[in-house]
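Peer 1: Questions regarding the structure given below will be posed in turn.
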Amino acid sequence: MTQEDAFRKRLVVRTNSSGLSCTLTILPGGQDDLPSELEIAGVLETYHIAPARTDHDAVAELCRLARNDQDAEHSAIVATGIPAEDGIHAAFTLDPSLAAEFEAIAKRRERFEAEAHEPGTSCRGDEPDTNVDYRSQSAFVIVRRGDVLGHITEKTEGVDGMNVRGEVIPAKGGRSLTIERNESTRIEGNNLVAAVDGRLIYNLVRIRVERRLEVSGDVDFTTGNIEFPGDVLIRGGIKDMFRVRNSGSLRVERLIEAGTLDVKGDATLLRGMAGRGSGVVTIGRDLHAHYLDGVKGTITRDCIVTNEIKECTLSVGGSVRSPACSFYGGVLKTIRPVELGTVGSAGGAETVLEIGQLPDLGDLVDRLGSLFGAIDSERDRSADELQALNETIKKLTPTQAERLTELQFTQIRTEEYTEMVAKAAGTLLDSVRSIPTPRLSVSRALHRGVRLRLRNLEFVIREAVTCPMILELGPMGKPRCFLNGATQPAPVAKFLVPTSGCGGNPLATLTAYVNRILDRANDAA
Amino acid sequence: MKVMLIDDSKTMRNIQRSVLKQIGIDLVEEACDGQDALSKVGAFAPDLILVDWNMPNMDGLSFIKAFRKQDRTTPLIMVTTEAEKSRVIEAIKAGVNNYVVKPFTPDLLSQRINETMSKCAA
């Protein structure tokens with residue numbers, strides 16, 4: 001056995017499974033076969049341990065220990081590798097304020113569910129002892145376009161490591177963002193922002209903004225009042241005292257109790273609304289409903305009710321197109337024509353129907369007239385002064401020269417103003433002419449006692465009228481009636497009792513007035 | 001285009017402003033006398049100045065003389081009741097580019113403004 005074989009036998013080299021650590025053991029032996037540090041380095045090299053990864057101090061210390069105590073076994077880690085640092089996965093962190101909203105909603109739901117007793121008695125916001133006002137708290141997180149939804153942390157690739165043999169240990173790169181999203185969100189820098197207004201839907205795997213809010217059940221204490229910047233679909237109904245306010249359309253599939261609707265677009269109430277005198281509607285476009293009972297409010301455009309309008313006070317900017325609907329009790333005011341099935345009731349419920357009222361128009365014409373008068377008198381006054389100045393003075397003083405300039409200017413300005421007022425009067429006249437004739441069509445029954453107002457003419461229905469019938473203002477401003485599809489008007493005195501304003505046609509009066517203004521403007525020009 | 005109106009009469013400034021508006025000029029600064037005008041003219045840097053003659057504190061002629069020391073190019077129109085030939089010559093010597101005698105009509109003033117601007121642009 002050579003000396004080299006002898007010292008090799010005393011050395012045991014072990015590398016751990018990860019390749020990040022190499023342990024050298026010197027077995028007991030004599031002085032003769034004790035390997036030197038150089039010899040140990042040679043042995044490590046045969047095991048492919050990279051010199052750069054070798055801890056030479058550790059080898060020296062091991063040799064020293066073996067030399068001092070040759071009867072014992074000595075071990076030490078003589079080479080170490082560098083572990084790989086894996087990359088970080090991309091991550092999405094919800095904006096703290098939104099996270100707080102989601103948390104509050106979850107807590108609220110838990111609390112609400114925990115309060116097993118009647119929520120209607122303990123949760124009402126108007127009770128002084130109430131801890132939580134459930135009505136005012138929305139169950140939905142609503143965001144606006146451009147709102148920051150959260151922060152995105154980009155993935156990193158990581159840093160490669162090296163084992164004791166000098167081989168690269170590749171790092172694992174971070175994963176890309178895995179949260180599912182759609183075009184309702186967009187990435188701006190490191191932020192995820194809402195691309196549309198709507199309800200934020202978020203869980204660990206998905207985020208999106210829904211432009212339409214769908215409420216699967218009723219609007220009640222579980223949902224709170226609804227405030228939404230878009231369309232709303234309510235699969236259930238709306239409970240007493242709850243409010244829905246939205247900027248799009250609204251569709252409610254079940255019964256609405258004495259709630260409040262404030263809708264910018266169309267509203268469709270499939271079952272209808274039992275407002276019991278406290279229901280309020282403000283509809284920005286058309287209202288479609290099965291029935292309305294005890295409801296107050298305004299509808300900007302048309303009102304279409306299939307079954308019944310009962311004890312309501314409604315102002316309709318368009319027409320009422322409800323040929324099968326019964327209207328009894330309450331007040332219905334509209335600008336445009338009305339089609340109903342029944343008006344009034346056999347029991348004599350106080351029913352008022354006003355068609356074609358133009359409350360602002362008279363005031364507008366008056367203002368136009370007074371404006372025109374003021375311009376007219378200013379023009380006359382300045383013309384008189386100008387004439388006097390020109391006739392009496394041969395040489396003007398500086399003050400008179402300036403006054404003359406002013407008067408000439410006034411003359412020109414009054415002509416311009418006259419032209420502007422005349423133009424406004426013409427526009428007004430066009431608007432007046434475009435207002436349709438007040439007309440009521442009733443297909444089934446017009447009951448006795450109904451108070452009817454066609455523009456400024458008021459009547460009471462003396463006795464029930466045979467229907468179908470059409471009642472309208474004729475060209476001369478007199479009411480005329482067509483019964484059972486007749487083309488010739490029937491006498492109205494039999495069933496209409498005039499109560500006021502039967503002196504003439506207010507529209508004709510307005511037209512004449514505006515025409516007078518136009519004539520004067522033409523004369524002035 | 002920016003125009004400065006210098007006249008102690010608010011009514012007269014309103015008339016001039018109205019004439020300017022008719023010819024499409026909306027950027028207008030007003031001054032009630034020569035002194036007020038001198039304090040504003042640097043910051044406003046008008047393209048045209050309409051100036052009255054008889055005003056308190058500093059009259060129009062003094063303003064023109066002071067203004068011309070610092071600016072020889074901005075067109076000036078004197079709008080005044082001073083109609084004598086000697087006064088007109090005096091104003092022209094001081095540096096006005098055109099002259100409008102009160103009373104004037106809006107048409108006359110707008111004609112003089114257009115005339116002055118065309119001459120100065122040429």
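We label chains A, B, ... in the order they appear in the structure tokens, count residues from 1 in each chain, and number ligands from 1 in the order shown.
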Which residues are near Ala91 of chain B? Cut-off 12 Å, only C-alpha atoms, ignore same chain within fewer than 5 positions. Put them as a PyMOL selection string.
Peer 2: chain B and resi 51-53+59-65+68+76-80+82-86+96-100
Peer 1: Take the residues from that selection and write them out as an mmCIF file, in the first residue's frame, keeping N, CA and C atoms.
Peer 2:
data_model
loop_
_atom_site.group_PDB
_atom_site.id
_atom_site.type_symbol
_atom_site.label_atom_id
_atom_site.label_comp_id
_atom_site.auth_asym_id
_atom_site.auth_seq_id
_atom_site.Cartn_x
_atom_site.Cartn_y
_atom_site.Cartn_z
ATOM 1 N N VAL B 51 -57.726 105.697 -27.004
ATOM 2 C CA VAL B 51 -57.530 106.581 -25.855
ATOM 3 C C VAL B 51 -58.306 107.894 -26.025
ATOM 4 N N ASP B 52 -58.961 108.280 -24.938
ATOM 5 C CA ASP B 52 -59.686 109.564 -24.894
ATOM 6 C C ASP B 52 -58.661 110.676 -24.609
ATOM 7 N N TRP B 53 -59.040 111.917 -24.888
ATOM 8 C CA TRP B 53 -58.099 113.026 -24.616
ATOM 9 C C TRP B 53 -58.307 113.561 -23.213
ATOM 10 N N ASP B 59 -54.053 113.098 -18.761
ATOM 11 C CA ASP B 59 -54.901 113.120 -19.966
ATOM 12 C C ASP B 59 -54.313 112.216 -21.066
ATOM 13 N N GLY B 60 -55.071 112.088 -22.129
ATOM 14 C CA GLY B 60 -54.698 111.162 -23.195
ATOM 15 C C GLY B 60 -53.403 111.540 -23.871
ATOM 16 N N LEU B 61 -53.199 112.852 -24.083
ATOM 17 C CA LEU B 61 -51.992 113.291 -24.789
ATOM 18 C C LEU B 61 -50.741 112.960 -23.964
ATOM 19 N N SER B 62 -50.815 113.215 -22.656
ATOM 20 C CA SER B 62 -49.665 112.896 -21.785
ATOM 21 C C SER B 62 -49.399 111.401 -21.793
ATOM 22 N N PHE B 63 -50.460 110.621 -21.786
ATOM 23 C CA PHE B 63 -50.284 109.163 -21.825
ATOM 24 C C PHE B 63 -49.543 108.758 -23.097
ATOM 25 N N ILE B 64 -50.009 109.323 -24.237
ATOM 26 C CA ILE B 64 -49.407 108.940 -25.532
ATOM 27 C C ILE B 64 -47.913 109.275 -25.533
ATOM 28 N N LYS B 65 -47.582 110.478 -25.031
ATOM 29 C CA LYS B 65 -46.163 110.875 -25.013
ATOM 30 C C LYS B 65 -45.341 109.919 -24.153
ATOM 31 N N ARG B 68 -45.197 106.384 -25.862
ATOM 32 C CA ARG B 68 -44.346 106.328 -27.057
ATOM 33 C C ARG B 68 -42.862 106.302 -26.734
ATOM 34 N N LEU B 76 -52.194 103.392 -31.944
ATOM 35 C CA LEU B 76 -53.006 104.180 -31.000
ATOM 36 C C LEU B 76 -54.080 104.928 -31.790
ATOM 37 N N ILE B 77 -55.304 104.876 -31.313
ATOM 38 C CA ILE B 77 -56.385 105.671 -31.921
ATOM 39 C C ILE B 77 -56.909 106.605 -30.849
ATOM 40 N N MET B 78 -56.946 107.909 -31.166
ATOM 41 C CA MET B 78 -57.502 108.846 -30.199
ATOM 42 C C MET B 78 -58.998 108.978 -30.491
ATOM 43 N N VAL B 79 -59.809 108.772 -29.450
ATOM 44 C CA VAL B 79 -61.265 108.889 -29.594
ATOM 45 C C VAL B 79 -61.688 110.042 -28.694
ATOM 46 N N THR B 80 -62.017 111.190 -29.277
ATOM 47 C CA THR B 80 -62.161 112.398 -28.462
ATOM 48 C C THR B 80 -63.184 113.377 -29.027
ATOM 49 N N GLU B 82 -62.305 116.498 -29.057
ATOM 50 C CA GLU B 82 -61.433 117.570 -29.571
ATOM 51 C C GLU B 82 -61.379 117.479 -31.094
ATOM 52 N N ALA B 83 -62.063 118.402 -31.755
ATOM 53 C CA ALA B 83 -62.196 118.272 -33.213
ATOM 54 C C ALA B 83 -61.385 119.307 -33.988
ATOM 55 N N GLU B 84 -60.758 120.267 -33.262
ATOM 56 C CA GLU B 84 -60.026 121.324 -33.991
ATOM 57 C C GLU B 84 -58.768 120.745 -34.648
ATOM 58 N N LYS B 85 -58.472 121.345 -35.823
ATOM 59 C CA LYS B 85 -57.363 120.828 -36.631
ATOM 60 C C LYS B 85 -56.035 120.834 -35.862
ATOM 61 N N SER B 86 -55.814 121.960 -35.113
ATOM 62 C CA SER B 86 -54.548 122.078 -34.376
ATOM 63 C C SER B 86 -54.399 120.947 -33.341
ATOM 64 N N VAL B 96 -50.185 109.386 -32.314
ATOM 65 C CA VAL B 96 -51.381 108.577 -32.588
ATOM 66 C C VAL B 96 -51.399 108.176 -34.061
ATOM 67 N N ASN B 97 -52.013 107.048 -34.322
ATOM 68 C CA ASN B 97 -52.074 106.542 -35.695
ATOM 69 C C ASN B 97 -53.380 106.893 -36.386
ATOM 70 N N ASN B 98 -54.410 107.182 -35.590
ATOM 71 C CA ASN B 98 -55.701 107.528 -36.181
ATOM 72 C C ASN B 98 -56.497 108.356 -35.182
ATOM 73 N N TYR B 99 -57.595 108.946 -35.685
ATOM 74 C CA TYR B 99 -58.297 109.930 -34.867
ATOM 75 C C TYR B 99 -59.796 109.775 -35.115
ATOM 76 N N VAL B 100 -60.598 109.616 -34.014
ATOM 77 C CA VAL B 100 -62.053 109.511 -34.149
ATOM 78 C C VAL B 100 -62.678 110.615 -33.300
#
Peer 1: Set the cut-off to 7 Å and count only C-alpha atoms: what are the residues of chain B that reach chain A? Output as JSON, numbers by chain.
Peer 2: {"B": [15, 81, 102, 103, 104, 105, 106]}
Peer 1: If we count only C-alpha atoms, what is near Ser326 of chain A at a cut-off of 7 Å, once residues fewer than 3 positions away on the same chain are taken out, given as a PyMOL selection string?
Peer 2: chain A and resi 307-309+340-343
Peer 1: Pick out the residues sitting within 8 Å of segment 424-430 of chain A, and hand them over as JSON, numbers by chain; count only C-alpha atoms, and ignore anything fewer than 2 positions along from it in its own chain.
Peer 2: {"A": [365, 368, 420, 421, 422, 432, 433, 434, 511, 514, 515, 517, 518]}
Peer 1: Would you mind reading off the distance between atom CA of Gln70 of chain B and atom CA of Asp8 of chain B, one decimal, in Å?
Peer 2: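 Taking atom CA of Gln70 of chain B and atom CA of Asp8 of chain B, their separation equals 23.2 Å.
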Peer 1: Smallest atom-to-atom distance to Lys310 of chain A: which of A:Val338, A:Ala349, A:Leu496, A:Ile283, using only C-alpha atoms?
Peer 2: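 For Lys310 of chain A, the nearest of the given residues is A:Ala349.
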Peer 1: Would you kindly return, as a list in words, each protein, DNA or RNA residue with an atom no farther than 9 Å from any atom of Ala31 of chain B, considering only C-alpha atoms and excluding same-chain residues fewer than 5 positions away?
Peer 2: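 In the requested format, the answer is Met4, Leu5, Ile6, Asp7, Asp8, Arg13, Asp36, Ala37, Leu38 and Lys40 of chain B.
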Peer 1: Take the residues just selected and output them with N, CA and C atoms as a short mmCIF file (atom, residue, chain, number, x, y, z; two decimals), in the first residue's frame.
Peer 2:
data_model
loop_
_atom_site.label_atom_id
_atom_site.label_comp_id
_atom_site.auth_asym_id
_atom_site.auth_seq_id
_atom_site.Cartn_x
_atom_site.Cartn_y
_atom_site.Cartn_z
N MET B 4 -56.68 97.80 -25.58
CA MET B 4 -56.84 98.54 -24.33
C MET B 4 -57.69 99.78 -24.58
N LEU B 5 -58.70 99.96 -23.73
CA LEU B 5 -59.60 101.12 -23.84
C LEU B 5 -59.30 102.07 -22.69
N ILE B 6 -58.99 103.32 -23.03
CA ILE B 6 -58.69 104.30 -21.98
C ILE B 6 -59.69 105.45 -22.10
N ASP B 7 -60.60 105.52 -21.17
CA ASP B 7 -61.63 106.58 -21.18
C ASP B 7 -62.17 106.69 -19.77
N ASP B 8 -62.40 107.94 -19.30
CA ASP B 8 -62.92 108.09 -17.94
C ASP B 8 -64.42 107.79 -17.88
N ARG B 13 -66.62 103.41 -22.58
CA ARG B 13 -65.81 102.17 -22.67
C ARG B 13 -66.72 100.99 -23.05
N ASP B 36 -53.67 105.17 -14.91
CA ASP B 36 -54.17 103.79 -14.77
C ASP B 36 -53.69 102.94 -15.95
N ALA B 37 -53.75 103.55 -17.14
CA ALA B 37 -53.34 102.83 -18.35
C ALA B 37 -51.86 102.48 -18.32
N LEU B 38 -51.03 103.44 -17.88
CA LEU B 38 -49.58 103.17 -17.83
C LEU B 38 -49.27 102.02 -16.87
N LYS B 40 -51.12 99.47 -16.37
CA LYS B 40 -51.64 98.19 -16.87
C LYS B 40 -51.04 97.75 -18.20
#
Peer 1: List the spatial neighbours of segment 480-482 of chain A as a PyMOL selection string - criterion: any atom at most 12 Å away, only C-alpha atoms, same-chain residues fewer than 2 positions off excluded.
Peer 2: chain A and resi 437-443+454+465-478+484-496
Peer 1: Between A:Gly161, A:Ser136, A:Leu192, A:Thr153, which is the closest to Val244 of chain A once you count only C-alpha atoms?
Peer 2: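 Checking each candidate against Val244 of chain A, we get A:Ser136 as the closest.
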Peer 1: Tell me, in Å to one decimal, how far atom CA of Ala445 of chain A is from atom CA of Ile461 of chain A.
Peer 2: 11.5 Å
Peer 1: Please list as a ChimeraX atom specification every residue within 8 Å of Asp231 of chain A, counting only C-alpha atoms and excluding residues in the same chain fewer than 2 positions away.
Peer 2: /A:211-213,228-229,233,246-250
Peer 1: What would the file look like if the residues just selected were written as a PDB file, in the first residue's frame with C-alpha atoms?
Peer 2:
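again-v9.pdb written:
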ATOM      1  CA  ARG A 211     -72.207  47.455 -14.988  1.00  0.00           C
ATOM      2  CA  ARG A 212     -75.573  46.050 -14.069  1.00  0.00           C
ATOM      3  CA  LEU A 213     -76.495  45.342 -10.494  1.00  0.00           C
ATOM      4  CA  PHE A 228     -76.079  52.381  -8.289  1.00  0.00           C
ATOM      5  CA  PRO A 229     -74.485  54.146 -11.266  1.00  0.00           C
ATOM      6  CA  LEU A 233     -82.349  44.294 -11.914  1.00  0.00           C
ATOM      7  CA  ASN A 246     -79.829  54.505 -10.004  1.00  0.00           C
ATOM      8  CA  SER A 247     -78.641  56.262 -13.123  1.00  0.00           C
ATOM      9  CA  GLY A 248     -79.698  53.585 -15.611  1.00  0.00           C
ATOM     10  CA  SER A 249     -82.862  51.580 -16.018  1.00  0.00           C
ATOM     11  CA  LEU A 250     -84.633  49.633 -13.295  1.00  0.00           C
TER      12      LEU A 250
END
Peer 1: Considering only helix (DSSP H, G or I) as DSSP defines it on the backbone, what residues of segment 11-77 of chain B qualify? List them as a ChimeraX atom specification.
Peer 2: /B:11-22,34-44,60-70
Peer 1: Output C-alpha atoms for every residue in that selection, as a PDB file, in the first residue's frame.
Peer 2:
ATOM      1  CA  THR B  11     -70.460 104.174 -20.757  1.00  0.00           C
ATOM      2  CA  MET B  12     -68.048 105.152 -23.506  1.00  0.00           C
ATOM      3  CA  ARG B  13     -65.814 102.168 -22.670  1.00  0.00           C
ATOM      4  CA  ASN B  14     -68.867  99.901 -22.818  1.00  0.00           C
ATOM      5  CA  ILE B  15     -69.781 101.292 -26.245  1.00  0.00           C
ATOM      6  CA  GLN B  16     -66.257 100.748 -27.520  1.00  0.00           C
ATOM      7  CA  ARG B  17     -66.145  97.264 -25.992  1.00  0.00           C
ATOM      8  CA  SER B  18     -69.410  96.451 -27.751  1.00  0.00           C
ATOM      9  CA  VAL B  19     -68.069  97.654 -31.099  1.00  0.00           C
ATOM     10  CA  LEU B  20     -64.942  95.551 -30.584  1.00  0.00           C
ATOM     11  CA  LYS B  21     -67.060  92.516 -29.777  1.00  0.00           C
ATOM     12  CA  GLN B  22     -68.952  92.990 -33.038  1.00  0.00           C
ATOM     13  CA  GLY B  34     -53.613 107.784 -18.463  1.00  0.00           C
ATOM     14  CA  GLN B  35     -52.020 106.897 -15.162  1.00  0.00           C
ATOM     15  CA  ASP B  36     -54.172 103.790 -14.768  1.00  0.00           C
ATOM     16  CA  ALA B  37     -53.342 102.830 -18.353  1.00  0.00           C
ATOM     17  CA  LEU B  38     -49.580 103.174 -17.826  1.00  0.00           C
ATOM     18  CA  SER B  39     -49.797 100.847 -14.839  1.00  0.00           C
ATOM     19  CA  LYS B  40     -51.640  98.190 -16.870  1.00  0.00           C
ATOM     20  CA  VAL B  41     -50.202  98.442 -20.351  1.00  0.00           C
ATOM     21  CA  GLY B  42     -46.951  96.553 -19.640  1.00  0.00           C
ATOM     22  CA  ALA B  43     -48.648  93.456 -18.306  1.00  0.00           C
ATOM     23  CA  PHE B  44     -51.492  93.456 -20.826  1.00  0.00           C
ATOM     24  CA  GLY B  60     -54.698 111.162 -23.195  1.00  0.00           C
ATOM     25  CA  LEU B  61     -51.992 113.291 -24.789  1.00  0.00           C
ATOM     26  CA  SER B  62     -49.665 112.896 -21.785  1.00  0.00           C
ATOM     27  CA  PHE B  63     -50.284 109.163 -21.825  1.00  0.00           C
ATOM     28  CA  ILE B  64     -49.407 108.940 -25.532  1.00  0.00           C
ATOM     29  CA  LYS B  65     -46.163 110.875 -25.013  1.00  0.00           C
ATOM     30  CA  ALA B  66     -45.157 108.663 -22.058  1.00  0.00           C
ATOM     31  CA  PHE B  67     -46.179 105.475 -23.848  1.00  0.00           C
ATOM     32  CA  ARG B  68     -44.346 106.328 -27.057  1.00  0.00           C
ATOM     33  CA  LYS B  69     -41.092 106.647 -25.121  1.00  0.00           C
ATOM     34  CA  GLN B  70     -41.259 102.930 -24.424  1.00  0.00           C
TER      35      GLN B  70
END
Peer 1: Per DSSP on the backbone, filter segment 188-295 of chain A down to the residues in strand (DSSP E) and report them as a PyMOL selection string.
Peer 2: chain A and resi 188+191-194+198-203+206-210+212-215+226-228+231-234+243-246+250-252+260-263+267-269+273-283+287-295
Peer 1: Work out how far atom CA of Ile256 of chain A is from atom CA of Lys239 of chain A, in Å to one decimal.
Peer 2: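 Distance between the two atoms: 6.3 Å.
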